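S.K.: One structure, pasted below without further comment.
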Amino acid sequence: MVDVVFEKVQKKFGHVVAIPGLDLHIRSGEFVSLLGPSGCGKTTTLRMLAGLEHPTEGRIRIGEREVNNVAPGSRDIAMVFQSYALYPHMSVRENIAYPLKKRGVPKSEHATRIKAAADLLQLGPLLDRKPKELSGGQQQRVALGRALVREPKVFLLDEPLSNLDAKLRAHMRSELIELHRRLGRTMVYVTHDQLEAMTMSTHIAVMHGGELQQFGTPSEIYNRPVNTFVASFIGTPSMTLVPAELLAEGGLKLKLGAHVFDLPDDVVEARPDRVAPITLGIRPEVIEVGHGPGVAKVRIVEPTGHETIVILDIDGEDVTARISGDTALKAGETVKFDLRRDRLHFFDAGSGRRLNRDIRP
Ligand SMILES: Nc1ncnc2c1ncn2[C@@H]1O[C@H](COP(=O)(O)OP(=O)(O)OP(=O)(O)O)[C@@H](O)[C@H]1O
Ligand SMILES: [Mg+2]
């Protein structure tokens, strides 16, 4: 079993505290994405795991072994960077063979290992070409191949798809998912692209300002974000966050602008005394347009084909809704709407912390 564990890991660069204190347990065989905006500490975390940066405090374990003082080359990991850094004067075959040579793997094994990697990544016909004779996606696959031949216990990937165009990125995403399924190795993947993280990962670690915000499956992160940061970072179009109030007047009610909606009594952890200011989170699919007790003005209609994104003005607040593509709605119209009360997100207005009661564990 090759779990990867960060225990109270801190990293400072001079007085810049990049990572104040990270606790993270990645289980063997998982595909974990480190996800967050630029500067949140993703690369620093990955580089500490690779041994390219030394933690200021705390411990990092790979499998049973504490690796704080283990050199990068002895950690049994392979890292793929955003820039593939292939050797331009070497052929694909030589590029892939390079780590084997460097590590003194017996020559008799090279051909078998290169063939296995090339087959997996469909590089067979390209083995004799130079990197400049390859497309971006093919170069990316060679970089992966070079990591793969080493047969490491853990793969580290830092935004490996960011240089590729949208179509190739989607294709490589599927290939990486397939690769992970076939190899069953632990993979740690850095990205600021929430769609990549959502589609590929078994677990996502959402980071912000060097701090881990939430660690969970894509579904947990999407359906039960722990705070407004995670809520707004995940999902396209983003969740709308608007100021609102919870009222306890007989039953529990939600006040949004001039609208008051009844709520199930048990949707929040703690009932407010009378009134509690909150931040209300509404995912685009949670607002129903065309019927219901609410009245809104249609501000913007954005058809995308199979669905249409509509920005509604609800008492002066912009709220994004996702509706079917064949709508006849026009900007400027007035429409009825409803909210799916069991799928709203409630956050503390001050701290941004989630207030929903979670029915499932
Ligand atoms: N060598 C360094 N010296 C000083 N500060 C650094 C150094 N490396 C990183 N930092 C700082 O640490 C923080 C985290 O940087 P890091 O590169 O880990 O972010 P990131 O999440 O990978 O961002 P990006 O998405 O832009 O790659 C940033 O504030 C950055 O400026
Ligand atoms: Mg980075």
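Note on naming: chains are A, B, ... as they come in the structure tokens, residues start from 1 per chain, ligands start from 1 in the order shown.
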I'd like the neighbourhood of stretch 241-244 of chain A as a PDB file with N, CA, C and O atoms, in the first residue's frame, where a residue qualifies if any of its atoms comes within 7 Å (using only C-alpha atoms), though same-chain residues fewer than 2 positions away should be ignored.
M.R.:
```pdb
ATOM      1  N   MET A 239     -22.113  28.620  -9.029  1.00  0.00           N
ATOM      2  CA  MET A 239     -23.239  28.798  -8.122  1.00  0.00           C
ATOM      3  C   MET A 239     -23.421  30.295  -7.858  1.00  0.00           C
ATOM      4  O   MET A 239     -22.447  31.018  -7.650  1.00  0.00           O
ATOM      5  N   LYS A 255     -35.984  34.284   3.129  1.00  0.00           N
ATOM      6  CA  LYS A 255     -36.332  35.576   2.546  1.00  0.00           C
ATOM      7  C   LYS A 255     -35.244  35.976   1.558  1.00  0.00           C
ATOM      8  O   LYS A 255     -34.074  36.140   1.938  1.00  0.00           O
ATOM      9  N   LEU A 256     -35.626  36.088   0.274  1.00  0.00           N
ATOM     10  CA  LEU A 256     -34.696  36.466  -0.789  1.00  0.00           C
ATOM     11  C   LEU A 256     -35.280  37.699  -1.453  1.00  0.00           C
ATOM     12  O   LEU A 256     -36.313  37.608  -2.126  1.00  0.00           O
ATOM     13  N   PRO A 277     -29.007  36.478   9.060  1.00  0.00           N
ATOM     14  CA  PRO A 277     -28.508  36.807   7.725  1.00  0.00           C
ATOM     15  C   PRO A 277     -27.644  35.658   7.229  1.00  0.00           C
ATOM     16  O   PRO A 277     -26.835  35.119   7.989  1.00  0.00           O
ATOM     17  N   ILE A 278     -27.837  35.280   5.982  1.00  0.00           N
ATOM     18  CA  ILE A 278     -27.045  34.178   5.417  1.00  0.00           C
ATOM     19  C   ILE A 278     -26.585  34.564   4.016  1.00  0.00           C
ATOM     20  O   ILE A 278     -27.014  35.564   3.453  1.00  0.00           O
ATOM     21  N   THR A 279     -25.682  33.734   3.476  1.00  0.00           N
ATOM     22  CA  THR A 279     -25.398  33.780   2.046  1.00  0.00           C
ATOM     23  C   THR A 279     -26.089  32.562   1.451  1.00  0.00           C
ATOM     24  O   THR A 279     -25.854  31.432   1.897  1.00  0.00           O
ATOM     25  N   LEU A 280     -26.948  32.808   0.492  1.00  0.00           N
ATOM     26  CA  LEU A 280     -27.695  31.719  -0.142  1.00  0.00           C
ATOM     27  C   LEU A 280     -26.961  31.290  -1.401  1.00  0.00           C
ATOM     28  O   LEU A 280     -26.548  32.136  -2.203  1.00  0.00           O
ATOM     29  N   GLY A 281     -26.785  29.981  -1.567  1.00  0.00           N
ATOM     30  CA  GLY A 281     -26.148  29.439  -2.769  1.00  0.00           C
ATOM     31  C   GLY A 281     -27.178  28.750  -3.643  1.00  0.00           C
ATOM     32  O   GLY A 281     -27.884  27.857  -3.176  1.00  0.00           O
ATOM     33  N   ILE A 282     -27.238  29.166  -4.905  1.00  0.00           N
ATOM     34  CA  ILE A 282     -28.208  28.575  -5.837  1.00  0.00           C
ATOM     35  C   ILE A 282     -27.455  28.076  -7.060  1.00  0.00           C
ATOM     36  O   ILE A 282     -26.913  28.871  -7.829  1.00  0.00           O
TER      37      ILE A 282
END
```
S.K.: Using only C-alpha atoms and all ligand atoms, which residues of chain A come within 12 Å of ligand 2, and what is the closest atom pair for each, with the distance in Å to one decimal? Give it as CSV, sorted by chain and residue number.
M.R.:
```
residue,atom,partner,partner_atom_place_in_ligand_line,distance
A:Ala18,CA,ligand 2,1 (Mg),11.8
A:Leu34,CA,ligand 2,1 (Mg),10.0
A:Leu35,CA,ligand 2,1 (Mg),10.1
A:Gly36,CA,ligand 2,1 (Mg),9.6
A:Pro37,CA,ligand 2,1 (Mg),9.2
A:Ser38,CA,ligand 2,1 (Mg),6.8
A:Gly39,CA,ligand 2,1 (Mg),6.9
A:Cys40,CA,ligand 2,1 (Mg),8.3
A:Gly41,CA,ligand 2,1 (Mg),7.1
A:Lys42,CA,ligand 2,1 (Mg),5.6
A:Thr43,CA,ligand 2,1 (Mg),4.1
A:Thr44,CA,ligand 2,1 (Mg),7.2
A:Thr45,CA,ligand 2,1 (Mg),9.3
A:Leu46,CA,ligand 2,1 (Mg),8.8
A:Arg47,CA,ligand 2,1 (Mg),9.6
A:Phe81,CA,ligand 2,1 (Mg),9.7
A:Gln82,CA,ligand 2,1 (Mg),8.9
A:Ser83,CA,ligand 2,1 (Mg),11.6
A:Leu157,CA,ligand 2,1 (Mg),10.6
A:Asp158,CA,ligand 2,1 (Mg),6.9
A:Glu159,CA,ligand 2,1 (Mg),7.5
A:Pro160,CA,ligand 2,1 (Mg),10.8
A:Ser162,CA,ligand 2,1 (Mg),11.1
A:Tyr189,CA,ligand 2,1 (Mg),10.9
A:Val190,CA,ligand 2,1 (Mg),7.4
A:Thr191,CA,ligand 2,1 (Mg),7.9
A:His192,CA,ligand 2,1 (Mg),8.5
A:Asp193,CA,ligand 2,1 (Mg),11.8
A:Met207,CA,ligand 2,1 (Mg),12.0
A:Gly210,CA,ligand 2,1 (Mg),11.9
```
S.K.: May I have all residues of stretch 98-322 of chain A that DSSP, computed from the backbone, assigns to helix (DSSP H, G or I), given as a ChimeraX atom specification?
M.R.: /A:98-102,107-120,124-126,131-133,136-148,166-183,194-200,218-223,228-233,284-286
S.K.: Write out as an MDAnalysis selection string which residues come within 9 Å of stretch 97-109 of chain A when counting only C-alpha atoms, dropping same-chain ones fewer than 3 positions away.
M.R.: chainID A and resid 73 92:94 112:114 146:147 149:150
S.K.: Considering only C-alpha atoms, return as number ranges by chain whatever protein or nucleic-acid residues lie within 9 Å of A:Lys8, sequence-local ones (same chain, fewer than 5 positions apart) excluded.
M.R.: A: 20-24, 57-60
S.K.: Counting only C-alpha atoms and all ligand atoms, which residue out of A:Thr228, A:Ser28, A:Ser33, A:Thr202 sits closest to ligand 1?
M.R.: A:Ser33
S.K.: State, in Å with one decimal place, the distance from atom CA of A:Gln10 to atom CA of A:Glu220.
M.R.: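 Going from atom CA of A:Gln10 over to atom CA of A:Glu220, I get 26.5 Å.
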